[in-house]
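Listing of model-v2.cif; format and content: mmCIF, C-alpha atoms; chains and numbers go by the auth columns.
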```
data_my_file
#
loop_
_atom_site.group_PDB
_atom_site.id
_atom_site.type_symbol
_atom_site.label_atom_id
_atom_site.label_comp_id
_atom_site.label_asym_id
_atom_site.label_seq_id
_atom_site.Cartn_x
_atom_site.Cartn_y
_atom_site.Cartn_z
_atom_site.B_iso_or_equiv
_atom_site.auth_seq_id
_atom_site.auth_asym_id
ATOM 1 C CA MET A 1 -57.743 -44.912 -9.531 0.00 1 H
ATOM 2 C CA SER A 2 -58.596 -48.584 -9.754 0.00 2 H
ATOM 3 C CA VAL A 3 -62.066 -50.084 -10.057 0.00 3 H
ATOM 4 C CA LEU A 4 -61.926 -50.965 -6.363 0.00 4 H
ATOM 5 C CA GLU A 5 -60.946 -47.408 -5.391 0.00 5 H
ATOM 6 C CA ASN A 6 -63.793 -45.995 -7.490 0.00 6 H
ATOM 7 C CA ILE A 7 -66.261 -48.380 -5.826 0.00 7 H
ATOM 8 C CA ARG A 8 -64.949 -47.436 -2.371 0.00 8 H
ATOM 9 C CA PHE A 9 -65.383 -43.762 -3.288 0.00 9 H
ATOM 10 C CA LEU A 10 -69.021 -44.379 -4.261 0.00 10 H
ATOM 11 C CA CYS A 11 -69.640 -46.454 -1.141 0.00 11 H
ATOM 12 C CA ASN A 12 -68.303 -43.624 1.040 0.00 12 H
ATOM 13 C CA ARG A 13 -70.525 -41.085 -0.720 0.00 13 H
ATOM 14 C CA THR A 14 -73.621 -43.244 -0.187 0.00 14 H
ATOM 15 C CA ASP A 15 -72.818 -44.386 3.369 0.00 15 H
ATOM 16 C CA THR A 16 -72.570 -48.037 2.431 0.00 16 H
ATOM 17 C CA THR A 17 -69.769 -50.562 2.710 0.00 17 H
ATOM 18 C CA VAL A 18 -68.217 -52.884 0.168 0.00 18 H
ATOM 19 C CA PRO A 19 -69.448 -56.000 2.053 0.00 19 H
ATOM 20 C CA THR A 20 -72.984 -54.564 2.141 0.00 20 H
ATOM 21 C CA LEU A 21 -72.777 -53.831 -1.587 0.00 21 H
ATOM 22 C CA GLU A 22 -71.596 -57.388 -2.300 0.00 22 H
ATOM 23 C CA LYS A 23 -74.483 -58.803 -0.283 0.00 23 H
ATOM 24 C CA GLU A 24 -77.123 -56.590 -1.934 0.00 24 H
ATOM 25 C CA LEU A 25 -75.867 -57.459 -5.434 0.00 25 H
ATOM 26 C CA GLY A 26 -75.534 -61.177 -4.725 0.00 26 H
ATOM 27 C CA LEU A 27 -71.770 -61.158 -5.222 0.00 27 H
ATOM 28 C CA GLY A 28 -69.493 -63.477 -3.305 0.00 28 H
ATOM 29 C CA LYS A 29 -68.069 -62.299 0.000 0.00 29 H
ATOM 30 C CA GLY A 30 -64.802 -60.463 -0.642 0.00 30 H
ATOM 31 C CA SER A 31 -65.177 -60.677 -4.432 0.00 31 H
ATOM 32 C CA ILE A 32 -65.052 -56.909 -5.013 0.00 32 H
ATOM 33 C CA TYR A 33 -61.782 -56.671 -3.072 0.00 33 H
ATOM 34 C CA LYS A 34 -60.301 -59.198 -5.527 0.00 34 H
ATOM 35 C CA TRP A 35 -61.092 -56.809 -8.404 0.00 35 H
ATOM 36 C CA ASP A 36 -57.996 -54.870 -7.432 0.00 36 H
ATOM 37 C CA LYS A 37 -55.887 -57.748 -8.791 0.00 37 H
ATOM 38 C CA ASN A 38 -58.293 -59.522 -11.181 0.00 38 H
ATOM 39 C CA SER A 39 -60.549 -57.807 -13.686 0.00 39 H
ATOM 40 C CA PRO A 40 -64.259 -58.353 -13.064 0.00 40 H
ATOM 41 C CA SER A 41 -66.653 -59.338 -15.842 0.00 41 H
ATOM 42 C CA ILE A 42 -68.545 -56.551 -17.566 0.00 42 H
ATOM 43 C CA ASP A 43 -71.872 -57.833 -16.190 0.00 43 H
ATOM 44 C CA LYS A 44 -70.561 -57.401 -12.625 0.00 44 H
ATOM 45 C CA ILE A 45 -69.280 -53.906 -13.441 0.00 45 H
ATOM 46 C CA GLN A 46 -72.704 -53.101 -14.912 0.00 46 H
ATOM 47 C CA LYS A 47 -74.456 -54.380 -11.754 0.00 47 H
ATOM 48 C CA VAL A 48 -72.380 -52.073 -9.569 0.00 48 H
ATOM 49 C CA ALA A 49 -72.809 -49.130 -11.954 0.00 49 H
ATOM 50 C CA ASP A 50 -76.586 -49.651 -11.996 0.00 50 H
ATOM 51 C CA TYR A 51 -76.648 -49.859 -8.194 0.00 51 H
ATOM 52 C CA PHE A 52 -74.986 -46.452 -7.881 0.00 52 H
ATOM 53 C CA GLY A 53 -76.653 -44.970 -10.959 0.00 53 H
ATOM 54 C CA VAL A 54 -73.354 -44.099 -12.648 0.00 54 H
ATOM 55 C CA PRO A 55 -71.929 -45.000 -16.071 0.00 55 H
ATOM 56 C CA THR A 56 -69.554 -47.960 -16.227 0.00 56 H
ATOM 57 C CA ASP A 57 -66.871 -45.515 -17.418 0.00 57 H
ATOM 58 C CA PHE A 58 -66.815 -44.018 -13.950 0.00 58 H
ATOM 59 C CA LEU A 59 -66.090 -47.370 -12.320 0.00 59 H
ATOM 60 C CA ILE A 60 -63.374 -48.221 -14.831 0.00 60 H
ATOM 61 C CA TYR A 61 -61.666 -44.838 -15.345 0.00 61 H
ATOM 62 C CA GLY A 62 -62.869 -42.728 -12.438 0.00 62 H
ATOM 63 C CA TYR A 63 -64.581 -40.349 -14.858 0.00 63 H
ATOM 64 C CA ASP A 64 -66.541 -40.382 -18.064 0.00 64 H
ATOM 65 C CA LYS A 65 -64.340 -40.865 -21.159 0.00 65 H
ATOM 66 C CA GLU A 66 -67.188 -40.176 -23.606 0.00 66 H
ATOM 67 C CA LEU A 67 -67.929 -36.752 -22.105 0.00 67 H
ATOM 68 C CA GLU A 68 -64.223 -35.935 -21.885 0.00 68 H
ATOM 69 C CA SER A 69 -63.804 -36.660 -25.592 0.00 69 H
ATOM 70 C CA LEU A 70 -66.817 -34.545 -26.569 0.00 70 H
ATOM 71 C CA ILE A 71 -65.695 -31.603 -24.429 0.00 71 H
ATOM 72 C CA LYS A 72 -62.241 -31.743 -26.003 0.00 72 H
ATOM 73 C CA ASP A 73 -63.828 -31.877 -29.485 0.00 73 H
ATOM 74 C CA LEU A 74 -65.702 -28.644 -28.771 0.00 74 H
ATOM 75 C CA ALA A 75 -62.746 -26.855 -27.194 0.00 75 H
ATOM 76 C CA GLU A 76 -59.658 -25.280 -28.698 0.00 76 H
ATOM 77 C CA VAL A 77 -56.278 -24.341 -27.273 0.00 77 H
ATOM 78 C CA LYS A 78 -55.960 -20.591 -26.931 0.00 78 H
ATOM 79 C CA ASN A 79 -52.990 -18.943 -25.197 0.00 79 H
ATOM 80 C CA GLY A 80 -51.918 -22.357 -23.914 0.00 80 H
ATOM 81 C CA ARG A 81 -55.298 -23.053 -22.271 0.00 81 H
ATOM 82 C CA LEU A 82 -58.141 -25.307 -23.353 0.00 82 H
ATOM 83 C CA THR A 83 -61.177 -23.075 -23.909 0.00 83 H
ATOM 84 C CA PHE A 84 -64.479 -23.051 -25.743 0.00 84 H
ATOM 85 C CA PRO A 85 -64.822 -20.746 -28.781 0.00 85 H
ATOM 86 C CA ASN A 86 -67.314 -17.889 -28.265 0.00 86 H
ATOM 87 C CA GLU A 87 -69.833 -19.510 -30.617 0.00 87 H
ATOM 88 C CA VAL A 88 -69.749 -22.721 -28.560 0.00 88 H
ATOM 89 C CA VAL A 89 -70.233 -20.757 -25.323 0.00 89 H
ATOM 90 C CA VAL A 90 -73.352 -19.057 -26.731 0.00 90 H
ATOM 91 C CA LEU A 91 -74.744 -22.362 -28.012 0.00 91 H
ATOM 92 C CA MET A 92 -74.055 -24.002 -24.642 0.00 92 H
ATOM 93 C CA LYS A 93 -75.909 -21.242 -22.785 0.00 93 H
ATOM 94 C CA VAL A 94 -79.032 -21.922 -24.842 0.00 94 H
ATOM 95 C CA ARG A 95 -78.760 -25.741 -24.784 0.00 95 H
ATOM 96 C CA PHE A 96 -77.958 -25.870 -21.066 0.00 96 H
ATOM 97 C CA GLU A 97 -81.013 -23.868 -19.935 0.00 97 H
ATOM 98 C CA PRO A 98 -83.212 -26.970 -19.515 0.00 98 H
ATOM 99 C CA LEU A 99 -80.375 -28.722 -17.659 0.00 99 H
ATOM 100 C CA LYS A 100 -79.952 -25.758 -15.337 0.00 100 H
ATOM 101 C CA ARG A 101 -83.623 -25.845 -14.435 0.00 101 H
ATOM 102 C CA GLU A 102 -83.578 -29.569 -13.687 0.00 102 H
ATOM 103 C CA TYR A 103 -80.095 -29.822 -12.181 0.00 103 H
ATOM 104 C CA TYR A 104 -79.877 -26.425 -10.500 0.00 104 H
ATOM 105 C CA ASP A 105 -77.059 -27.527 -8.178 0.00 105 H
ATOM 106 C CA VAL A 106 -74.639 -28.405 -11.013 0.00 106 H
ATOM 107 C CA PRO A 107 -72.409 -25.549 -12.201 0.00 107 H
ATOM 108 C CA LEU A 108 -72.734 -25.424 -15.983 0.00 108 H
ATOM 109 C CA ASP A 109 -71.461 -21.887 -16.692 0.00 109 H
ATOM 110 C CA ILE A 110 -67.847 -23.002 -16.711 0.00 110 H
ATOM 111 C CA ASP A 111 -64.987 -23.197 -19.165 0.00 111 H
ATOM 112 C CA ALA A 112 -63.578 -26.341 -20.788 0.00 112 H
ATOM 113 C CA VAL A 113 -60.907 -27.006 -18.163 0.00 113 H
ATOM 114 C CA GLU A 114 -63.401 -26.583 -15.320 0.00 114 H
ATOM 115 C CA MET A 115 -65.906 -28.851 -17.088 0.00 115 H
ATOM 116 C CA LEU A 116 -63.265 -31.561 -17.509 0.00 116 H
ATOM 117 C CA GLY A 117 -62.374 -31.169 -13.837 0.00 117 H
ATOM 118 C CA LEU A 118 -66.018 -31.474 -12.838 0.00 118 H
ATOM 119 C CA ILE A 119 -66.555 -34.754 -14.670 0.00 119 H
ATOM 120 C CA LYS A 120 -63.290 -36.132 -13.286 0.00 120 H
ATOM 121 C CA GLN A 121 -63.972 -35.080 -9.702 0.00 121 H
ATOM 122 C CA PHE A 122 -67.619 -36.056 -9.288 0.00 122 H
ATOM 123 C CA PRO A 123 -69.474 -39.119 -10.500 0.00 123 H
ATOM 124 C CA LEU A 124 -72.366 -38.172 -12.760 0.00 124 H
ATOM 125 C CA THR A 125 -75.611 -40.050 -12.551 0.00 125 H
ATOM 126 C CA THR A 126 -76.509 -41.986 -15.677 0.00 126 H
ATOM 127 C CA GLU A 127 -79.545 -39.729 -16.125 0.00 127 H
ATOM 128 C CA PHE A 128 -77.522 -36.509 -15.901 0.00 128 H
ATOM 129 C CA LYS A 129 -74.791 -37.914 -18.145 0.00 129 H
ATOM 130 C CA LYS A 130 -77.370 -38.688 -20.856 0.00 130 H
ATOM 131 C CA ALA A 131 -78.865 -35.195 -20.595 0.00 131 H
ATOM 132 C CA LEU A 132 -75.443 -33.497 -20.657 0.00 132 H
ATOM 133 C CA LEU A 133 -74.221 -35.714 -23.493 0.00 133 H
ATOM 134 C CA SER A 134 -77.338 -34.917 -25.523 0.00 134 H
ATOM 135 C CA ALA A 135 -76.921 -31.161 -24.931 0.00 135 H
ATOM 136 C CA LEU A 136 -73.233 -31.274 -25.882 0.00 136 H
ATOM 137 C CA GLU A 137 -73.993 -33.331 -29.008 0.00 137 H
ATOM 138 C CA ASP A 138 -76.579 -30.695 -30.004 0.00 138 H
ATOM 139 C CA VAL A 139 -73.991 -27.959 -29.458 0.00 139 H
ATOM 140 C CA LYS A 140 -71.434 -29.864 -31.527 0.00 140 H
ATOM 141 C CA SER A 141 -73.910 -30.434 -34.346 0.00 141 H
ATOM 142 C CA SER A 142 -75.030 -26.784 -34.389 0.00 142 H
ATOM 143 C CA TYR A 143 -71.437 -25.582 -34.234 0.00 143 H
ATOM 144 C CA ARG A 144 -70.476 -27.748 -37.211 0.00 144 H
ATOM 145 C CA GLU A 145 -73.455 -26.448 -39.209 0.00 145 H
ATOM 146 C CA MET A 146 -72.288 -22.917 -38.502 0.00 146 H
ATOM 147 C CA ALA A 147 -68.638 -23.588 -39.394 0.00 147 H
ATOM 148 C CA GLY A 148 -67.032 -21.070 -41.664 0.00 148 H
ATOM 149 C CA VAL A 149 -69.621 -18.350 -41.073 0.00 149 H
ATOM 150 C CA ARG A 150 -69.044 -15.553 -38.511 0.00 150 H
ATOM 151 C CA TYR A 151 -72.066 -14.681 -36.390 0.00 151 H
ATOM 152 C CA GLU A 152 -72.713 -12.199 -33.643 0.00 152 H
ATOM 153 C CA PRO A 153 -73.590 -13.878 -30.304 0.00 153 H
ATOM 154 C CA GLU A 154 -77.156 -12.518 -30.432 0.00 154 H
ATOM 155 C CA THR A 155 -77.655 -14.059 -33.876 0.00 155 H
ATOM 156 C CA ILE A 156 -76.332 -17.428 -32.696 0.00 156 H
ATOM 157 C CA ALA A 157 -78.719 -17.411 -29.736 0.00 157 H
ATOM 158 C CA LEU A 158 -81.675 -16.450 -31.937 0.00 158 H
ATOM 159 C CA LEU A 159 -80.871 -19.084 -34.543 0.00 159 H
ATOM 160 C CA THR A 160 -80.418 -21.744 -31.885 0.00 160 H
ATOM 161 C CA MET A 161 -83.722 -20.931 -30.208 0.00 161 H
ATOM 162 C CA THR A 162 -85.548 -21.058 -33.538 0.00 162 H
ATOM 163 C CA GLY A 163 -83.780 -24.222 -34.651 0.00 163 H
ATOM 164 C CA ARG A 164 -82.064 -22.461 -37.576 0.00 164 H
ATOM 165 C CA THR A 165 -78.331 -22.971 -37.433 0.00 165 H
ATOM 166 C CA GLY A 166 -77.601 -23.985 -41.014 0.00 166 H
ATOM 167 C CA PRO A 167 -76.069 -21.877 -43.794 0.00 167 H
ATOM 168 C CA ARG A 168 -77.587 -18.437 -44.399 0.00 168 H
ATOM 169 C CA LYS A 169 -78.973 -19.389 -47.798 0.00 169 H
ATOM 170 C CA ASN A 170 -81.525 -21.608 -46.018 0.00 170 H
ATOM 171 C CA TRP A 171 -82.880 -18.787 -43.878 0.00 171 H
ATOM 172 C CA ARG A 172 -86.026 -16.998 -44.925 0.00 172 H
ATOM 173 C CA ILE A 173 -86.719 -13.680 -43.292 0.00 173 H
ATOM 174 C CA SER A 174 -90.201 -12.303 -43.659 0.00 174 H
ATOM 175 C CA SER A 175 -90.251 -8.583 -44.430 0.00 175 H
ATOM 176 C CA ASN A 176 -93.171 -7.990 -42.070 0.00 176 H
ATOM 177 C CA SER A 177 -92.024 -10.004 -39.041 0.00 177 H
ATOM 178 C CA ASN A 178 -88.956 -11.032 -37.113 0.00 178 H
ATOM 179 C CA ASN A 179 -89.690 -14.734 -37.501 0.00 179 H
ATOM 180 C CA PHE A 180 -87.290 -16.987 -39.346 0.00 180 H
#
```
Please render this file's structure as structure tokens.
Amino acid sequence: MSVLENIRFLCNRTDTTVPTLEKELGLGKGSIYKWDKNSPSIDKIQKVADYFGVPTDFLIYGYDKELESLIKDLAEVKNGRLTFPNEVVVLMKVRFEPLKREYYDVPLDIDAVEMLGLIKQFPLTTEFKKALLSALEDVKSSYREMAGVRYEPETIALLTMTGRTGPRKNWRISSNSNNF
């Protein structure tokens, strides 16, 4: 989709029109329609993105490239399908809990292909994108720290909740408690 098509999509979702958008942003009459043939300046793209509360990536690509890249980094191809390793799934469940409470209407218990589809089908607000990006970065960081060591899902969840996801040699287990 082009920048103009992405703007039209957002206008339709917010019950506004392109001419109304141009007027509210102080853009020349018909200028957005010209963006189909001529590339707009980044400051104009940013104005429109801010108006709708979406990342500029959505206006340019129709979805968020940064999130797509991070999701693909965390996923692996298994039986010809892009999927998250079990360790990543467990880490995501823990890291996504705060997101689920705040954004209860967003399905987050999904696989890699579904997650890619979600970010390509629906524009994410800048606020939600930042929260999701932060959670995925935390998952990626924890997963890298755990690389090369096999854990049971319960252990991964416990280590994640206690902030201990590094190599085993750094763990200290008290003989008289279950605290790490």
Name the residues that the PyMOL selection byres ((chain H and resi 32-40) around 8) picks from the file above, as a compact mmCIF listing (two decimals) with C-alpha atoms, keeping the file's coordinate frame, using the file's chain letters and numbers.
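In the end it all went to out_27.txt:
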```txt
# COMPACT_ATOMS: atom_id res chain seq x y z
CA SER H 2 -58.60 -48.58 -9.75
CA VAL H 3 -62.07 -50.08 -10.06
CA LEU H 4 -61.93 -50.96 -6.36
CA VAL H 18 -68.22 -52.88 0.17
CA GLU H 22 -71.60 -57.39 -2.30
CA LEU H 27 -71.77 -61.16 -5.22
CA LYS H 29 -68.07 -62.30 0.00
CA GLY H 30 -64.80 -60.46 -0.64
CA SER H 31 -65.18 -60.68 -4.43
CA SER H 41 -66.65 -59.34 -15.84
CA ILE H 42 -68.54 -56.55 -17.57
CA LYS H 44 -70.56 -57.40 -12.62
CA ILE H 45 -69.28 -53.91 -13.44
```
Exercise. Just give me the gap between atom CA of H:Met146 and atom CA of H:Leu99 in Å, one decimal is fine.
Key: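 Between atom CA of H:Met146 and atom CA of H:Leu99 the gap is 23.1 Å.
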Quiz prompt | Expansion of the PyMOL selection byres ((chain H and resi 121) around 12) into residues, as a list in words | solution = Met1, Asn6, Phe9, Leu10, Phe58, Tyr61, Gly62, Tyr63, Asp64, Glu114, Met115, Leu116, Gly117, Leu118, Ile119, Lys120, Phe122, Pro123 and Leu124 of chain H
Self-check item: Atom-to-atom span, atom CA of H:Met92 and atom CA of H:Val77, Å
Solution: 18.0 Å
Quiz item: Using only C-alpha atoms, which of H:Lys23, H:Pro107, H:Asp15, H:Arg144 sits nearest H:Leu132?
Solution: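 When distances to H:Leu132 are compared using only C-alpha atoms, the smallest one comes from H:Pro107.
One distance worth recording is that between atom CA of H:Val139 and atom CA of H:Arg101, which is 18.0 Å.
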Quiz item: Taking the file as shown, what set of residues would the PyMOL selection byres ((chain H and resi 46-52) around 9) give back, as a PyMOL selection string?
Solution: chain H and resi 7+10-11+14+21+25+41-45+53-59+125-126
May I have the selected residues written with C-alpha atoms, as an mmCIF file, keeping the file's coordinate frame?
```cif
data_model
loop_
_atom_site.group_PDB
_atom_site.id
_atom_site.type_symbol
_atom_site.label_atom_id
_atom_site.label_comp_id
_atom_site.auth_asym_id
_atom_site.auth_seq_id
_atom_site.Cartn_x
_atom_site.Cartn_y
_atom_site.Cartn_z
ATOM 1 C CA ILE H 7 -66.261 -48.380 -5.826
ATOM 2 C CA LEU H 10 -69.021 -44.379 -4.261
ATOM 3 C CA CYS H 11 -69.640 -46.454 -1.141
ATOM 4 C CA THR H 14 -73.621 -43.244 -0.187
ATOM 5 C CA LEU H 21 -72.777 -53.831 -1.587
ATOM 6 C CA LEU H 25 -75.867 -57.459 -5.434
ATOM 7 C CA SER H 41 -66.653 -59.338 -15.842
ATOM 8 C CA ILE H 42 -68.545 -56.551 -17.566
ATOM 9 C CA ASP H 43 -71.872 -57.833 -16.190
ATOM 10 C CA LYS H 44 -70.561 -57.401 -12.625
ATOM 11 C CA ILE H 45 -69.280 -53.906 -13.441
ATOM 12 C CA GLY H 53 -76.653 -44.970 -10.959
ATOM 13 C CA VAL H 54 -73.354 -44.099 -12.648
ATOM 14 C CA PRO H 55 -71.929 -45.000 -16.071
ATOM 15 C CA THR H 56 -69.554 -47.960 -16.227
ATOM 16 C CA ASP H 57 -66.871 -45.515 -17.418
ATOM 17 C CA PHE H 58 -66.815 -44.018 -13.950
ATOM 18 C CA LEU H 59 -66.090 -47.370 -12.320
ATOM 19 C CA THR H 125 -75.611 -40.050 -12.551
ATOM 20 C CA THR H 126 -76.509 -41.986 -15.677
#
```
Self-check item: H:Phe128, H:Pro85, H:Glu76, H:Pro19 ranked by distance to H:Tyr104, top pick (using only C-alpha atoms)
Solution: H:Phe128
Can you take the partial stretch 81-106 of chain H, add N, CA and C atoms, and return it as a PDB file, keeping the file's coordinate frame?
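As written to disk, rebuild.pdb reads:
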```
ATOM      1  N   ARG H  81     -54.224 -22.555 -23.141  1.00  0.00           N
ATOM      2  CA  ARG H  81     -55.298 -23.053 -22.271  1.00  0.00           C
ATOM      3  C   ARG H  81     -56.431 -23.605 -23.121  1.00  0.00           C
ATOM      4  N   LEU H  82     -57.000 -24.713 -22.673  1.00  0.00           N
ATOM      5  CA  LEU H  82     -58.141 -25.307 -23.353  1.00  0.00           C
ATOM      6  C   LEU H  82     -59.375 -24.457 -23.051  1.00  0.00           C
ATOM      7  N   THR H  83     -60.024 -23.969 -24.088  1.00  0.00           N
ATOM      8  CA  THR H  83     -61.177 -23.075 -23.909  1.00  0.00           C
ATOM      9  C   THR H  83     -62.203 -23.320 -25.008  1.00  0.00           C
ATOM     10  N   PHE H  84     -63.429 -22.933 -24.736  1.00  0.00           N
ATOM     11  CA  PHE H  84     -64.479 -23.051 -25.743  1.00  0.00           C
ATOM     12  C   PHE H  84     -64.498 -21.793 -26.603  1.00  0.00           C
ATOM     13  N   PRO H  85     -64.649 -21.936 -27.934  1.00  0.00           N
ATOM     14  CA  PRO H  85     -64.822 -20.746 -28.781  1.00  0.00           C
ATOM     15  C   PRO H  85     -66.100 -20.004 -28.375  1.00  0.00           C
ATOM     16  N   ASN H  86     -66.149 -18.697 -28.646  1.00  0.00           N
ATOM     17  CA  ASN H  86     -67.314 -17.889 -28.265  1.00  0.00           C
ATOM     18  C   ASN H  86     -68.622 -18.463 -28.789  1.00  0.00           C
ATOM     19  N   GLU H  87     -68.603 -18.952 -30.029  1.00  0.00           N
ATOM     20  CA  GLU H  87     -69.833 -19.510 -30.617  1.00  0.00           C
ATOM     21  C   GLU H  87     -70.318 -20.720 -29.815  1.00  0.00           C
ATOM     22  N   VAL H  88     -69.391 -21.549 -29.358  1.00  0.00           N
ATOM     23  CA  VAL H  88     -69.749 -22.721 -28.560  1.00  0.00           C
ATOM     24  C   VAL H  88     -70.334 -22.285 -27.215  1.00  0.00           C
ATOM     25  N   VAL H  89     -69.740 -21.263 -26.609  1.00  0.00           N
ATOM     26  CA  VAL H  89     -70.233 -20.757 -25.323  1.00  0.00           C
ATOM     27  C   VAL H  89     -71.683 -20.294 -25.461  1.00  0.00           C
ATOM     28  N   VAL H  90     -71.987 -19.552 -26.519  1.00  0.00           N
ATOM     29  CA  VAL H  90     -73.352 -19.057 -26.731  1.00  0.00           C
ATOM     30  C   VAL H  90     -74.310 -20.234 -26.951  1.00  0.00           C
ATOM     31  N   LEU H  91     -73.904 -21.184 -27.775  1.00  0.00           N
ATOM     32  CA  LEU H  91     -74.744 -22.362 -28.012  1.00  0.00           C
ATOM     33  C   LEU H  91     -74.969 -23.143 -26.719  1.00  0.00           C
ATOM     34  N   MET H  92     -73.929 -23.270 -25.908  1.00  0.00           N
ATOM     35  CA  MET H  92     -74.055 -24.002 -24.642  1.00  0.00           C
ATOM     36  C   MET H  92     -75.031 -23.301 -23.702  1.00  0.00           C
ATOM     37  N   LYS H  93     -74.989 -21.970 -23.668  1.00  0.00           N
ATOM     38  CA  LYS H  93     -75.909 -21.242 -22.785  1.00  0.00           C
ATOM     39  C   LYS H  93     -77.350 -21.575 -23.128  1.00  0.00           C
ATOM     40  N   VAL H  94     -77.662 -21.626 -24.406  1.00  0.00           N
ATOM     41  CA  VAL H  94     -79.032 -21.922 -24.842  1.00  0.00           C
ATOM     42  C   VAL H  94     -79.374 -23.380 -24.564  1.00  0.00           C
ATOM     43  N   ARG H  95     -78.491 -24.301 -24.937  1.00  0.00           N
ATOM     44  CA  ARG H  95     -78.760 -25.741 -24.784  1.00  0.00           C
ATOM     45  C   ARG H  95     -78.768 -26.191 -23.328  1.00  0.00           C
ATOM     46  N   PHE H  96     -78.046 -25.472 -22.457  1.00  0.00           N
ATOM     47  CA  PHE H  96     -77.958 -25.870 -21.066  1.00  0.00           C
ATOM     48  C   PHE H  96     -79.103 -25.338 -20.203  1.00  0.00           C
ATOM     49  N   GLU H  97     -79.910 -24.425 -20.734  1.00  0.00           N
ATOM     50  CA  GLU H  97     -81.013 -23.868 -19.935  1.00  0.00           C
ATOM     51  C   GLU H  97     -81.913 -24.942 -19.332  1.00  0.00           C
ATOM     52  N   PRO H  98     -82.379 -25.919 -20.127  1.00  0.00           N
ATOM     53  CA  PRO H  98     -83.212 -26.970 -19.515  1.00  0.00           C
ATOM     54  C   PRO H  98     -82.458 -27.768 -18.445  1.00  0.00           C
ATOM     55  N   LEU H  99     -81.176 -28.005 -18.653  1.00  0.00           N
ATOM     56  CA  LEU H  99     -80.375 -28.722 -17.659  1.00  0.00           C
ATOM     57  C   LEU H  99     -80.254 -27.917 -16.375  1.00  0.00           C
ATOM     58  N   LYS H 100     -80.079 -26.624 -16.514  1.00  0.00           N
ATOM     59  CA  LYS H 100     -79.952 -25.758 -15.337  1.00  0.00           C
ATOM     60  C   LYS H 100     -81.225 -25.772 -14.493  1.00  0.00           C
ATOM     61  N   ARG H 101     -82.357 -25.819 -15.173  1.00  0.00           N
ATOM     62  CA  ARG H 101     -83.623 -25.845 -14.435  1.00  0.00           C
ATOM     63  C   ARG H 101     -83.787 -27.166 -13.685  1.00  0.00           C
ATOM     64  N   GLU H 102     -83.399 -28.259 -14.316  1.00  0.00           N
ATOM     65  CA  GLU H 102     -83.578 -29.569 -13.687  1.00  0.00           C
ATOM     66  C   GLU H 102     -82.473 -29.903 -12.695  1.00  0.00           C
ATOM     67  N   TYR H 103     -81.250 -29.525 -13.032  1.00  0.00           N
ATOM     68  CA  TYR H 103     -80.095 -29.822 -12.181  1.00  0.00           C
ATOM     69  C   TYR H 103     -79.482 -28.509 -11.694  1.00  0.00           C
ATOM     70  N   TYR H 104     -80.254 -27.770 -10.925  1.00  0.00           N
ATOM     71  CA  TYR H 104     -79.877 -26.425 -10.500  1.00  0.00           C
ATOM     72  C   TYR H 104     -78.602 -26.392  -9.660  1.00  0.00           C
ATOM     73  N   ASP H 105     -78.230 -27.510  -9.044  1.00  0.00           N
ATOM     74  CA  ASP H 105     -77.059 -27.527  -8.178  1.00  0.00           C
ATOM     75  C   ASP H 105     -75.759 -27.858  -8.916  1.00  0.00           C
ATOM     76  N   VAL H 106     -75.830 -28.082 -10.228  1.00  0.00           N
ATOM     77  CA  VAL H 106     -74.639 -28.405 -11.013  1.00  0.00           C
ATOM     78  C   VAL H 106     -74.165 -27.145 -11.736  1.00  0.00           C
TER      79      VAL H 106
END
```
